[in-house]
$ cat coords-v2.cif   # mmCIF, C-alpha atoms and all ligand atoms
data_structure
#
loop_
_atom_site.label_atom_id
_atom_site.label_comp_id
_atom_site.auth_asym_id
_atom_site.auth_seq_id
_atom_site.Cartn_x
_atom_site.Cartn_y
_atom_site.Cartn_z
CA MET A 1451 -25.07 -18.72 -1.83
CA SER A 1452 -22.85 -18.54 1.21
CA ASP A 1453 -24.07 -19.51 4.63
CA SER A 1454 -24.80 -16.29 6.48
CA SER A 1455 -24.73 -18.14 9.80
CA ALA A 1456 -21.08 -19.15 9.22
CA PRO A 1457 -18.72 -17.21 11.53
CA ASN A 1458 -16.36 -14.69 9.95
CA ARG A 1459 -13.01 -16.01 8.82
CA TYR A 1460 -11.27 -12.96 10.30
CA PRO A 1461 -12.22 -10.26 12.80
CA PHE A 1462 -11.72 -7.59 10.12
CA ALA A 1463 -13.17 -6.85 6.69
CA MET A 1464 -11.00 -5.58 3.81
CA PRO A 1465 -8.64 -2.68 4.57
CA ALA A 1466 -8.78 0.67 2.76
CA GLY A 1467 -5.85 1.72 0.60
CA TRP A 1468 -4.16 1.49 -2.77
CA PHE A 1469 -4.14 -1.99 -4.28
CA ALA A 1470 -2.83 -3.29 -7.60
CA VAL A 1471 -5.59 -4.44 -9.93
CA ALA A 1472 -3.33 -5.11 -12.93
CA GLU A 1473 0.23 -4.78 -14.16
CA THR A 1474 0.89 -2.08 -16.75
CA PRO A 1475 1.35 -4.46 -19.73
CA ASP A 1476 -1.90 -6.27 -18.87
CA VAL A 1477 -4.12 -3.43 -20.12
CA THR A 1478 -3.15 -1.99 -23.51
CA VAL A 1479 -4.45 1.25 -25.05
CA GLY A 1480 -8.02 0.78 -26.22
CA GLU A 1481 -8.50 -2.43 -24.26
CA THR A 1482 -11.17 -3.32 -21.67
CA LYS A 1483 -10.75 -6.12 -19.17
CA ALA A 1484 -12.88 -7.80 -16.54
CA ALA A 1485 -11.49 -8.08 -13.01
CA TYR A 1486 -12.74 -9.02 -9.56
CA TYR A 1487 -11.30 -7.42 -6.41
CA PHE A 1488 -12.76 -5.99 -3.18
CA ALA A 1489 -15.56 -8.60 -3.59
CA THR A 1490 -16.69 -6.49 -6.56
CA HIS A 1491 -16.89 -7.07 -10.31
CA LEU A 1492 -14.75 -4.44 -12.04
CA VAL A 1493 -13.83 -3.25 -15.50
CA LEU A 1494 -10.32 -2.00 -16.28
CA TRP A 1495 -9.78 0.02 -19.43
CA ARG A 1496 -7.14 2.26 -20.99
CA ASP A 1497 -8.19 5.32 -22.96
CA GLU A 1498 -6.54 6.61 -26.14
CA THR A 1499 -4.28 8.99 -24.16
CA GLY A 1500 -2.87 5.96 -22.30
CA GLU A 1501 -4.59 6.58 -18.99
CA ALA A 1502 -5.89 3.53 -17.15
CA HIS A 1503 -9.33 3.49 -15.49
CA VAL A 1504 -10.96 1.21 -12.95
CA MET A 1505 -14.74 1.20 -12.61
CA ASP A 1506 -17.57 -0.98 -11.37
CA ALA A 1507 -18.39 -3.54 -14.04
CA PHE A 1508 -22.13 -3.37 -14.51
CA CYS A 1509 -23.76 -0.94 -16.89
CA PRO A 1510 -26.51 1.02 -15.09
CA HIS A 1511 -28.81 0.61 -18.11
CA LEU A 1512 -29.53 -3.12 -17.98
CA GLY A 1513 -26.55 -4.58 -16.22
CA ALA A 1514 -24.17 -5.76 -18.95
CA HIS A 1515 -20.57 -6.34 -17.80
CA LEU A 1516 -18.47 -3.59 -19.39
CA GLY A 1517 -15.37 -5.80 -19.20
CA HIS A 1518 -16.89 -8.51 -21.37
CA GLY A 1519 -17.16 -6.99 -24.82
CA GLY A 1520 -17.10 -3.30 -23.83
CA THR A 1521 -15.07 -1.09 -26.17
CA VAL A 1522 -13.00 2.05 -25.74
CA ASP A 1523 -13.95 5.05 -27.84
CA GLY A 1524 -11.41 7.84 -27.27
CA CYS A 1525 -11.73 8.62 -23.59
CA GLN A 1526 -15.05 6.84 -23.14
CA ILE A 1527 -16.07 3.26 -22.61
CA ALA A 1528 -19.01 1.86 -24.59
CA CYS A 1529 -21.29 -0.89 -23.33
CA PRO A 1530 -21.53 -4.02 -25.49
CA PHE A 1531 -25.29 -4.40 -24.93
CA HIS A 1532 -26.95 -1.18 -26.25
CA GLY A 1533 -23.95 1.05 -26.91
CA TRP A 1534 -24.33 3.54 -24.06
CA LYS A 1535 -21.09 5.44 -23.40
CA PHE A 1536 -19.52 6.58 -20.16
CA ASP A 1537 -16.58 8.89 -19.48
CA ALA A 1538 -13.72 8.37 -17.01
CA GLU A 1539 -15.85 9.77 -14.15
CA GLY A 1540 -18.52 7.18 -15.00
CA ASP A 1541 -21.05 9.70 -16.31
CA ASN A 1542 -23.27 8.73 -19.20
CA THR A 1543 -22.16 10.71 -22.27
CA ASP A 1544 -24.17 9.11 -25.06
CA ILE A 1545 -27.18 6.91 -25.74
CA PRO A 1546 -26.90 6.12 -29.46
CA TYR A 1547 -30.66 5.81 -29.99
CA SER A 1548 -31.72 8.81 -27.90
CA GLU A 1549 -31.21 12.58 -28.14
CA ARG A 1550 -30.64 12.75 -24.41
CA THR A 1551 -28.22 11.18 -21.97
CA ASN A 1552 -29.34 9.72 -18.63
CA ARG A 1553 -27.89 11.79 -15.81
CA LYS A 1554 -28.81 9.20 -13.20
CA ALA A 1555 -26.93 6.46 -15.05
CA LYS A 1556 -23.61 6.59 -13.25
CA VAL A 1557 -20.86 3.98 -13.02
CA LYS A 1558 -18.64 4.14 -9.94
CA ALA A 1559 -15.05 5.07 -10.88
CA TYR A 1560 -12.19 4.29 -8.50
CA PRO A 1561 -9.26 6.68 -7.99
CA THR A 1562 -6.52 5.13 -10.13
CA SER A 1563 -2.76 5.57 -10.09
CA GLU A 1564 -0.16 3.92 -12.27
CA ARG A 1565 3.48 3.61 -11.28
CA ASN A 1566 6.17 1.01 -10.63
CA GLY A 1567 4.65 -1.13 -13.39
CA PHE A 1568 1.29 -1.50 -11.63
CA VAL A 1569 -2.19 -0.09 -12.06
CA TYR A 1570 -3.40 0.69 -8.54
CA ALA A 1571 -6.98 1.41 -7.51
CA TRP A 1572 -7.96 3.11 -4.27
CA TYR A 1573 -10.44 1.02 -2.31
CA HIS A 1574 -12.39 2.54 0.57
CA PRO A 1575 -15.57 0.83 1.84
CA HIS A 1576 -17.28 4.24 2.20
CA ASP A 1577 -15.81 5.68 -1.02
CA GLU A 1578 -13.69 8.28 0.72
CA GLN A 1579 -10.87 9.83 -1.31
CA PRO A 1580 -7.19 8.76 -1.08
CA THR A 1581 -5.21 10.09 1.87
CA TRP A 1582 -1.78 9.30 0.39
CA GLU A 1583 -0.13 8.50 -2.95
CA VAL A 1584 1.78 5.34 -3.83
CA GLU A 1585 5.50 6.11 -3.75
CA GLU A 1586 7.65 5.80 -6.82
CA VAL A 1587 10.51 3.28 -6.66
CA ALA A 1588 13.57 5.22 -7.87
CA GLU A 1589 15.63 2.20 -8.98
CA ILE A 1590 13.02 1.23 -11.55
CA THR A 1591 13.11 4.49 -13.49
CA SER A 1592 16.86 5.22 -13.04
CA GLY A 1593 17.92 2.22 -15.13
CA GLU A 1594 20.33 0.97 -12.44
CA PHE A 1595 18.19 -2.11 -12.02
CA SER A 1596 16.92 -4.47 -14.64
CA GLY A 1597 13.68 -6.38 -14.69
CA PRO A 1598 11.06 -7.07 -13.77
CA LYS A 1599 10.55 -10.75 -13.62
CA ARG A 1600 6.91 -11.17 -12.64
CA THR A 1601 5.08 -13.82 -10.65
CA ASN A 1602 1.56 -13.93 -9.33
CA HIS A 1603 -0.35 -16.04 -6.78
CA VAL A 1604 -3.87 -16.26 -5.37
CA VAL A 1605 -4.09 -17.44 -1.77
CA GLN A 1606 -7.12 -18.43 0.33
CA ALA A 1607 -6.12 -16.17 3.21
CA GLY A 1608 -6.75 -12.58 4.24
CA ILE A 1609 -4.32 -9.87 3.26
CA GLN A 1610 -3.21 -9.00 6.81
CA GLU A 1611 -2.33 -12.60 7.65
CA MET A 1612 0.06 -12.72 4.73
CA ALA A 1613 1.57 -9.28 5.40
CA GLU A 1614 2.34 -10.40 8.96
CA ASN A 1615 4.88 -12.84 7.53
CA ALA A 1616 7.29 -9.90 7.07
CA VAL A 1617 7.80 -9.43 10.82
CA ASP A 1618 7.97 -13.16 11.55
CA SER A 1619 11.71 -13.81 11.64
CA ALA A 1620 11.50 -17.16 13.48
CA HIS A 1621 9.51 -18.99 10.80
CA PHE A 1622 12.36 -18.83 8.27
CA ARG A 1623 14.21 -21.67 9.94
CA PHE A 1624 11.17 -23.93 10.15
CA VAL A 1625 9.14 -23.16 7.05
CA HIS A 1626 11.92 -22.15 4.67
CA ASN A 1627 14.81 -24.24 6.07
CA THR A 1628 17.22 -21.31 5.97
CA ALA A 1629 20.53 -21.70 7.83
CA THR A 1630 20.18 -18.24 9.36
CA VAL A 1631 17.24 -15.98 10.15
CA PRO A 1632 17.00 -12.25 9.56
CA GLU A 1633 17.62 -10.14 12.64
CA ILE A 1634 15.12 -7.30 12.84
CA GLU A 1635 17.08 -4.23 13.92
CA GLN A 1636 14.38 -1.64 13.60
CA TYR A 1637 10.65 -1.50 13.01
CA THR A 1638 9.10 1.94 12.81
CA SER A 1639 5.95 3.34 11.34
CA ASP A 1640 4.87 6.77 10.28
CA GLY A 1641 1.27 7.11 9.16
CA HIS A 1642 0.52 4.71 6.32
CA ARG A 1643 4.19 3.67 6.02
CA ALA A 1644 6.02 1.05 8.06
CA VAL A 1645 9.77 0.54 7.69
CA MET A 1646 11.68 -2.52 8.77
CA LYS A 1647 15.46 -2.80 8.75
CA SER A 1648 17.05 -6.18 9.21
CA SER A 1649 20.37 -7.91 8.77
CA GLN A 1650 21.04 -11.46 7.75
CA LYS A 1651 24.16 -13.59 7.49
CA PHE A 1652 24.27 -15.51 4.22
CA PRO A 1653 26.45 -18.60 4.05
CA THR A 1654 28.33 -18.62 0.71
CA PRO A 1655 31.10 -20.85 -0.70
CA ARG A 1656 33.55 -18.05 0.20
CA GLY A 1657 32.34 -17.71 3.76
CA VAL A 1658 29.58 -15.86 5.54
CA VAL A 1659 28.48 -12.59 3.99
CA ASP A 1660 26.63 -9.87 5.91
CA GLY A 1661 23.49 -8.97 4.09
CA ARG A 1662 20.61 -6.59 4.61
CA ILE A 1663 16.89 -6.82 4.00
CA ASP A 1664 15.15 -3.47 4.27
CA SER A 1665 11.46 -3.26 3.59
CA ILE A 1666 8.91 -0.51 3.28
CA ALA A 1667 5.20 -1.24 3.55
CA ASP A 1668 3.62 1.61 1.59
CA GLY A 1669 0.12 1.16 2.96
CA PRO A 1670 -1.59 -2.23 3.32
CA GLY A 1671 -1.21 -3.34 -0.31
CA VAL A 1672 2.22 -2.27 -1.54
CA SER A 1673 5.65 -3.32 -0.33
CA ILE A 1674 9.17 -2.58 -1.49
CA VAL A 1675 11.93 -4.87 -0.24
CA ARG A 1676 15.60 -4.16 -0.90
CA PHE A 1677 18.09 -7.02 -0.48
CA SER A 1678 21.81 -6.25 -0.41
CA GLY A 1679 25.02 -8.03 0.53
CA ILE A 1680 25.67 -10.54 -2.23
CA ILE A 1681 23.83 -9.01 -5.19
CA ASP A 1682 21.50 -6.04 -4.87
CA THR A 1683 17.97 -7.07 -5.63
CA LEU A 1684 14.64 -5.39 -5.31
CA LEU A 1685 11.20 -6.84 -4.84
CA VAL A 1686 8.19 -4.65 -5.52
CA SER A 1687 5.13 -6.53 -4.43
CA ALA A 1688 1.44 -5.80 -4.44
CA SER A 1689 -1.23 -7.68 -2.52
CA THR A 1690 -4.89 -7.12 -3.25
CA PRO A 1691 -8.00 -8.43 -1.52
CA VAL A 1692 -10.06 -10.51 -3.95
CA ASP A 1693 -12.44 -10.56 -0.98
CA ALA A 1694 -11.92 -10.50 2.78
CA ASN A 1695 -10.67 -14.11 2.77
CA THR A 1696 -8.76 -14.30 -0.51
CA THR A 1697 -5.68 -12.39 -1.63
CA GLN A 1698 -3.83 -12.00 -4.91
CA THR A 1699 -0.13 -11.22 -4.63
CA ARG A 1700 1.97 -9.98 -7.54
CA PHE A 1701 5.77 -9.94 -7.29
CA ASN A 1702 8.04 -7.89 -9.55
CA TYR A 1703 11.70 -8.82 -9.16
CA TYR A 1704 14.58 -6.53 -10.19
CA VAL A 1705 18.38 -6.95 -9.98
CA ARG A 1706 21.13 -4.34 -10.07
CA ASN A 1707 22.52 -4.23 -13.59
CA LEU A 1708 25.50 -6.54 -13.78
CA GLY A 1709 26.55 -5.52 -17.28
CA ASP A 1710 25.09 -8.07 -19.61
CA GLU A 1711 21.48 -9.02 -20.15
CA LYS A 1712 22.08 -12.75 -19.80
CA THR A 1713 23.60 -12.48 -16.32
CA ASN A 1714 20.87 -10.03 -15.25
CA SER A 1715 18.12 -12.34 -16.30
CA SER A 1716 19.64 -15.49 -14.82
CA VAL A 1717 20.26 -13.74 -11.47
CA GLY A 1718 16.72 -12.32 -11.64
CA ALA A 1719 15.28 -15.76 -12.33
CA ALA A 1720 17.21 -17.34 -9.42
CA PHE A 1721 16.08 -14.56 -7.06
CA ALA A 1722 12.45 -14.93 -8.17
CA ALA A 1723 12.62 -18.72 -7.85
CA GLU A 1724 13.90 -18.53 -4.26
CA VAL A 1725 11.36 -15.96 -3.02
CA ASP A 1726 8.54 -17.71 -4.88
CA LYS A 1727 9.57 -21.04 -3.36
CA GLN A 1728 9.34 -19.45 0.09
CA PHE A 1729 5.93 -18.02 -0.77
CA MET A 1730 4.65 -21.46 -1.77
CA GLU A 1731 6.01 -22.86 1.51
CA ASP A 1732 4.10 -20.22 3.48
CA MET A 1733 0.88 -20.73 1.55
CA PRO A 1734 -0.47 -23.87 3.30
CA ILE A 1735 0.28 -22.28 6.69
CA TRP A 1736 -1.71 -19.15 5.80
CA GLU A 1737 -4.61 -21.08 4.30
CA HIS A 1738 -5.06 -23.39 7.27
CA LYS A 1739 -4.04 -21.23 10.23
CA ALA A 1740 -6.39 -19.59 12.71
CA HIS A 1741 -6.12 -15.89 13.35
CA LEU A 1742 -5.36 -15.47 17.04
CA VAL A 1743 -6.28 -12.11 18.50
CA ARG A 1744 -3.93 -12.74 21.43
CA PRO A 1745 -1.00 -14.86 20.23
CA ALA A 1746 1.36 -16.30 22.87
CA LEU A 1747 4.69 -14.77 21.81
CA ALA A 1748 8.33 -15.40 22.74
CA ASP A 1749 10.40 -12.41 23.86
CA THR A 1750 12.59 -12.92 20.79
CA ASP A 1751 9.70 -12.99 18.31
CA GLY A 1752 9.38 -10.18 15.78
CA PRO A 1753 7.27 -7.04 16.39
CA PHE A 1754 3.90 -8.71 15.73
CA MET A 1755 1.79 -6.45 17.92
CA LYS A 1756 3.41 -3.28 16.55
CA PHE A 1757 2.68 -4.57 13.07
CA ARG A 1758 -0.95 -5.32 13.91
CA LYS A 1759 -1.47 -1.94 15.54
CA TRP A 1760 -0.04 -0.21 12.47
CA TYR A 1761 -2.16 -2.33 10.13
CA SER A 1762 -5.38 -1.70 12.09
CA GLN A 1763 -5.46 1.95 10.93
CA PHE A 1764 -6.57 0.72 7.49
CA TYR A 1765 -9.79 -0.85 8.77
CA VAL A 1766 -12.74 1.43 8.32
CA GLU A 1767 -15.37 -1.06 9.38
CA ALA A 1768 -15.67 -2.35 12.94
CA ILE A 1769 -13.26 -5.09 14.03
CA SER A 1770 -15.24 -7.81 15.76
CA ASP A 1771 -14.17 -8.65 19.29
CA ASP A 1772 -16.66 -11.42 20.06
CA ARG A 1773 -13.98 -14.11 19.88
CA THR A 1774 -10.22 -14.40 20.21
CA VAL A 1775 -9.76 -17.39 17.87
CA PHE A 1776 -10.80 -17.18 14.21
CA PRO A 1777 -10.33 -20.58 12.59
CA PRO A 1778 -10.61 -21.22 8.83
CA PRO A 1779 -13.70 -22.95 7.52
CA TYR A 1780 -13.42 -26.72 7.54
CA TRP A 1781 -12.61 -28.05 4.11
CA PRO A 1782 -13.50 -31.68 3.45
CA GLU A 1783 -10.29 -33.59 2.78
CA LYS A 1784 -10.50 -33.59 -0.98
CA LEU A 1785 -10.97 -29.85 -1.13
CA ALA A 1786 -8.33 -29.18 1.50
CA GLU A 1787 -5.63 -30.25 -0.94
CA THR A 1788 -6.68 -27.61 -3.44
CA PRO A 1789 -8.48 -24.90 -1.48
CA ALA A 1790 -7.76 -22.39 -4.24
CA LYS A 1791 -10.04 -24.32 -6.54
CA ALA A 1792 -12.83 -24.86 -4.03
CA THR A 1793 -15.92 -22.82 -4.79
CA ALA A 1794 -17.48 -20.66 -2.11
CA SER A 1795 -20.51 -22.95 -1.87
CA ALA A 1796 -18.32 -26.06 -1.63
CA LYS A 1797 -16.38 -24.47 1.20
CA TYR A 1798 -19.11 -22.81 3.17
CA GLY A 1799 -22.12 -24.89 2.15
CA ASP A 1800 -25.32 -23.60 0.60
CA ALA A 1801 -27.60 -21.55 2.80
S1 LIG B 1 -26.87 -2.64 -20.61
FE1 LIG B 1 -25.36 -1.25 -21.16
S2 LIG B 1 -26.22 -0.13 -22.75
FE2 LIG B 1 -27.79 -1.46 -22.17
FE FE B 2 7.71 -16.84 4.78
#

$ encode --input "coords-v2.cif" --output "structure tokens"
Amino acid sequence: MSDSSAPNRYPFAMPAGWFAVAETPDVTVGETKAAYYFATHLVLWRDETGEAHVMDAFCPHLGAHLGHGGTVDGCQIACPFHGWKFDAEGDNTDIPYSERTNRKAKVKAYPTSERNGFVYAWYHPHDEQPTWEVEEVAEITSGEFSGPKRTNHVVQAGIQEMAENAVDSAHFRFVHNTATVPEIEQYTSDGHRAVMKSSQKFPTPRGVVDGRIDSIADGPGVSIVRFSGIIDTLLVSASTPVDANTTQTRFNYYVRNLGDEKTNSSVGAAFAAEVDKQFMEDMPIWEHKAHLVRPALADTDGPFMKFRKWYSQFYVEAISDDRTVFPPPYWPEKLAETPAKATASAKYGDA
């Protein structure tokens, strides 16, 4: 049990929006899978027509987890415990040992969308319906780009803290040891979308090359980053709250087709290795940093406050304003080395 007297790690709870809960190949037709996001046990399943579904995990009959032994029967999911069946809306459609179904037995189903190689679920703390759709990334379907190479990380930090990294141009020199830093030329937002255009000079053996990094944040959980200059590459990433303090990030890397498969995959692997290396360098900063409500910024820092204002639209629940500094919990030294493996009770203590 967590200590309810412990102060919140962040001033905000989880944002509302579309979040990846799986990658397309992770859930095959007829398969059920357990997952845990939004501080909720979930079941993912794919019906016989190929459509993916995301629902709460526990069967309303006697609480079995539908993702541990549940089976798919056509367009229904069957519970492993007593065989009750539920359709994609979560309504009970069959009780094998009764003539009647139970109309009150309802499993919550999340709005689900599948594109860009991801299964996305819509999370809203009050179960309101989606107010936008995840955009389709044209390069993926057109065949101009090859990939993806996939990587995946779980970080003990809130989703907004990690997303803020995108507007932080100054940290590249210090955390990532890059010779040059991206220059943010434009940061604009329009509803759930925020667009950042930046340029960067890349030192190469043949001299300095002007490159571009243009990113789109498609809501709080999806981002599309296009790199150009040396070789055109594309990063489609998805970050999902495991809970308010823990985030899973999935990266899908693509490269513009260079002709042969071998070159494509070695360029893709090098691209993935570099971005992943940077991610691992950021990780200890995110896990141990405090969230400052009023950071002391330099005039040449990136557009942090614009970013935060844009991101705040996704919070449905109240943002607490009782403090301006939100430090992480203190991890005893041994746990601090591997916070990802620390259990909630080890970190926060038993109540
Ligand atoms: S617990 Fe699911 S059918 Fe009984
Ligand atoms: Fe970074």

$ atom_distance --input "coords-v2.cif" --atom1 "atom CA of Ala1489 of chain A" --atom2 "atom CA of Phe1764 of chain A"
17.0 Å

$ closest_residue --input "coords-v2.cif" --among "A:Tyr1573, A:Tyr1780, A:Trp1495, A:Phe1531" --to "Pro1670 of chain A" --atoms "only C-alpha atoms"
A:Tyr1573

$ residues_near_ligand --input "coords-v2.cif" --ligand "ligand LIG 1 (chain B)" --cutoff "6 Å" --atoms "all atoms listed in the file" --output "list in words"
Cys1509, His1511, Leu1512, Gly1513, Ala1514, Cys1529, Phe1531, His1532, Gly1533 and Trp1534 of chain A

$ residues_near_point --input "coords-v2.cif" --point "(7.9, -8.4, -12.6)" --cutoff "12 Å" --atoms "all atoms listed in the file" --output "ChimeraX atom specification"
/A:1472-1476,1566-1568,1590,1596-1602,1684-1688,1699-1705,1715,1718-1719,1721-1722

$ atom_distance --input "coords-v2.cif" --atom1 "atom CA of Asp1771 of chain A" --atom2 "atom CA of Thr1750 of chain A"
27.1 Å

$ closest_residue --input "coords-v2.cif" --among "A:Thr1683, A:Gln1728, A:Asn1714, A:Ser1592" --to "ligand FE 2 (chain B)" --atoms "only C-alpha atoms and all ligand atoms"
A:Gln1728

$ residues_near_ligand --input "coords-v2.cif" --ligand "ligand FE 2 (chain B)" --cutoff "6 Å" --atoms "all atoms listed in the file" --output "PyMOL selection string"
chain A and resi 1615+1728-1729+1732

$ atom_distance --input "coords-v2.cif" --atom1 "atom CA of His1626 of chain A" --atom2 "atom CA of Tyr1460 of chain A"
25.6 Å

$ closest_residue --input "coords-v2.cif" --among "A:Glu1711, A:Glu1635, A:Glu1481, A:Glu1589" --to "Cys1525 of chain A" --atoms "only C-alpha atoms"
A:Glu1481

$ closest_residue --input "coords-v2.cif" --among "A:Pro1734, A:Gly1524, A:Gly1679, A:Pro1465" --to "Glu1501 of chain A" --atoms "only C-alpha atoms"
A:Gly1524

$ closest_residue --input "coords-v2.cif" --among "A:Arg1744, A:Lys1756, A:Arg1623, A:Arg1550" --to "Tyr1637 of chain A" --atoms "all atoms listed in the file"
A:Lys1756

$ closest_residue --input "coords-v2.cif" --among "A:Asp1693, A:Asp1660, A:Asp1668, A:Glu1586" --to "Ile1609 of chain A" --atoms "all atoms listed in the file"
A:Asp1693

$ residues_around --input "coords-v2.cif" --residues "Thr1521 of chain A" --least-positions-apart "6" --cutoff "8 Å" --atoms "all atoms listed in the file" --output "list in words"
Gly1480, Glu1481, Thr1482, Ile1527, Ala1528, Cys1529 and Pro1530 of chain A

$ residues_around --input "coords-v2.cif" --residues "segment 1462-1464 of chain A" --least-positions-apart "5" --cutoff "7 Å" --atoms "all atoms listed in the file" --output "VMD selection string"
chain A and resid 1691 1694 1765 1767 1769 to 1770

$ axis_aligned_box --input "coords-v2.cif" --around "segment 1463-1471 of chain A" --padding-each-side "5 Å" --output "JSON"
{"center_x": -8.0, "center_y": -2.6, "center_z": -1.6, "size_x": 20.3, "size_y": 18.6, "size_z": 26.6}

$ residues_around --input "coords-v2.cif" --residues "Arg1662 of chain A" --least-positions-apart "6" --cutoff "7 Å" --atoms "only C-alpha atoms" --output "MDAnalysis selection string"
chainID A and resid 1648:1650 1677:1679

$ closest_atom_pairs --input "coords-v2.cif" --of "segment 1597-1625 of chain A" --to "segment 1751-1755 of chain A" --cutoff "6 Å" --atoms "only C-alpha atoms" --output "tab-separated table"
residue	atom	partner	partner_atom	distance
A:Val1617	CA	A:Gly1752	CA	5.3
A:Asp1618	CA	A:Gly1752	CA	5.4
A:Ser1619	CA	A:Gly1752	CA	6.0

$ residues_near_point --input "coords-v2.cif" --point "(25.3, -11.4, -2.5)" --cutoff "8 Å" --atoms "all atoms listed in the file" --output "PyMOL selection string"
chain A and resi 1652+1659+1661+1678-1682

$ write_last_selection --input "coords-v2.cif" --atoms "C-alpha atoms" --output "mmCIF file, in the coordinates of the input"
data_model
loop_
_atom_site.group_PDB
_atom_site.id
_atom_site.type_symbol
_atom_site.label_atom_id
_atom_site.label_comp_id
_atom_site.auth_asym_id
_atom_site.auth_seq_id
_atom_site.Cartn_x
_atom_site.Cartn_y
_atom_site.Cartn_z
ATOM 1 C CA PHE A 1652 24.270 -15.510 4.220
ATOM 2 C CA VAL A 1659 28.480 -12.590 3.990
ATOM 3 C CA GLY A 1661 23.490 -8.970 4.090
ATOM 4 C CA SER A 1678 21.810 -6.250 -0.410
ATOM 5 C CA GLY A 1679 25.020 -8.030 0.530
ATOM 6 C CA ILE A 1680 25.670 -10.540 -2.230
ATOM 7 C CA ILE A 1681 23.830 -9.010 -5.190
ATOM 8 C CA ASP A 1682 21.500 -6.040 -4.870
#

$ decode --input "coords-v2.cif" --residues "segment 1648-1653 of chain A" --atoms "all heavy atoms" --output "short mmCIF file (atom, residue, chain, number, x, y, z; two decimals), in the first residue's frame"
data_model
loop_
_atom_site.label_atom_id
_atom_site.label_comp_id
_atom_site.auth_asym_id
_atom_site.auth_seq_id
_atom_site.Cartn_x
_atom_site.Cartn_y
_atom_site.Cartn_z
N SER A 1648 12.92 23.52 -36.17
CA SER A 1648 14.25 23.93 -35.73
C SER A 1648 15.31 23.54 -36.75
O SER A 1648 15.11 22.65 -37.58
CB SER A 1648 14.57 23.36 -34.35
OG SER A 1648 14.31 22.00 -34.31
N SER A 1649 16.43 24.25 -36.68
CA SER A 1649 17.54 23.95 -37.58
C SER A 1649 18.73 23.54 -36.73
O SER A 1649 18.83 23.91 -35.56
CB SER A 1649 17.89 25.19 -38.42
OG SER A 1649 18.26 26.24 -37.57
N GLN A 1650 19.58 22.74 -37.32
CA GLN A 1650 20.78 22.34 -36.59
C GLN A 1650 21.92 22.15 -37.58
O GLN A 1650 21.73 21.60 -38.66
CB GLN A 1650 20.54 21.04 -35.81
CG GLN A 1650 21.74 20.67 -34.96
CD GLN A 1650 21.43 19.66 -33.88
OE1 GLN A 1650 20.33 19.12 -33.82
NE2 GLN A 1650 22.40 19.39 -33.01
N LYS A 1651 23.11 22.59 -37.17
CA LYS A 1651 24.29 22.39 -38.01
C LYS A 1651 24.95 21.08 -37.57
O LYS A 1651 25.23 20.91 -36.39
CB LYS A 1651 25.27 23.55 -37.87
CG LYS A 1651 24.66 24.87 -38.33
CD LYS A 1651 25.71 25.89 -38.70
CE LYS A 1651 25.11 27.21 -39.17
NZ LYS A 1651 24.22 27.10 -40.35
N PHE A 1652 25.15 20.19 -38.54
CA PHE A 1652 25.77 18.90 -38.21
C PHE A 1652 27.19 18.86 -38.75
O PHE A 1652 27.40 18.99 -39.96
CB PHE A 1652 24.98 17.74 -38.84
CG PHE A 1652 23.60 17.57 -38.28
CD1 PHE A 1652 22.49 17.97 -39.01
CD2 PHE A 1652 23.41 17.03 -37.02
CE1 PHE A 1652 21.21 17.81 -38.50
CE2 PHE A 1652 22.13 16.88 -36.50
CZ PHE A 1652 21.02 17.27 -37.25
N PRO A 1653 28.17 18.71 -37.86
CA PRO A 1653 29.53 18.57 -38.36
C PRO A 1653 29.69 17.19 -39.03
O PRO A 1653 29.29 16.18 -38.47
CB PRO A 1653 30.39 18.65 -37.09
CG PRO A 1653 29.45 18.57 -35.93
CD PRO A 1653 28.05 18.56 -36.42
#
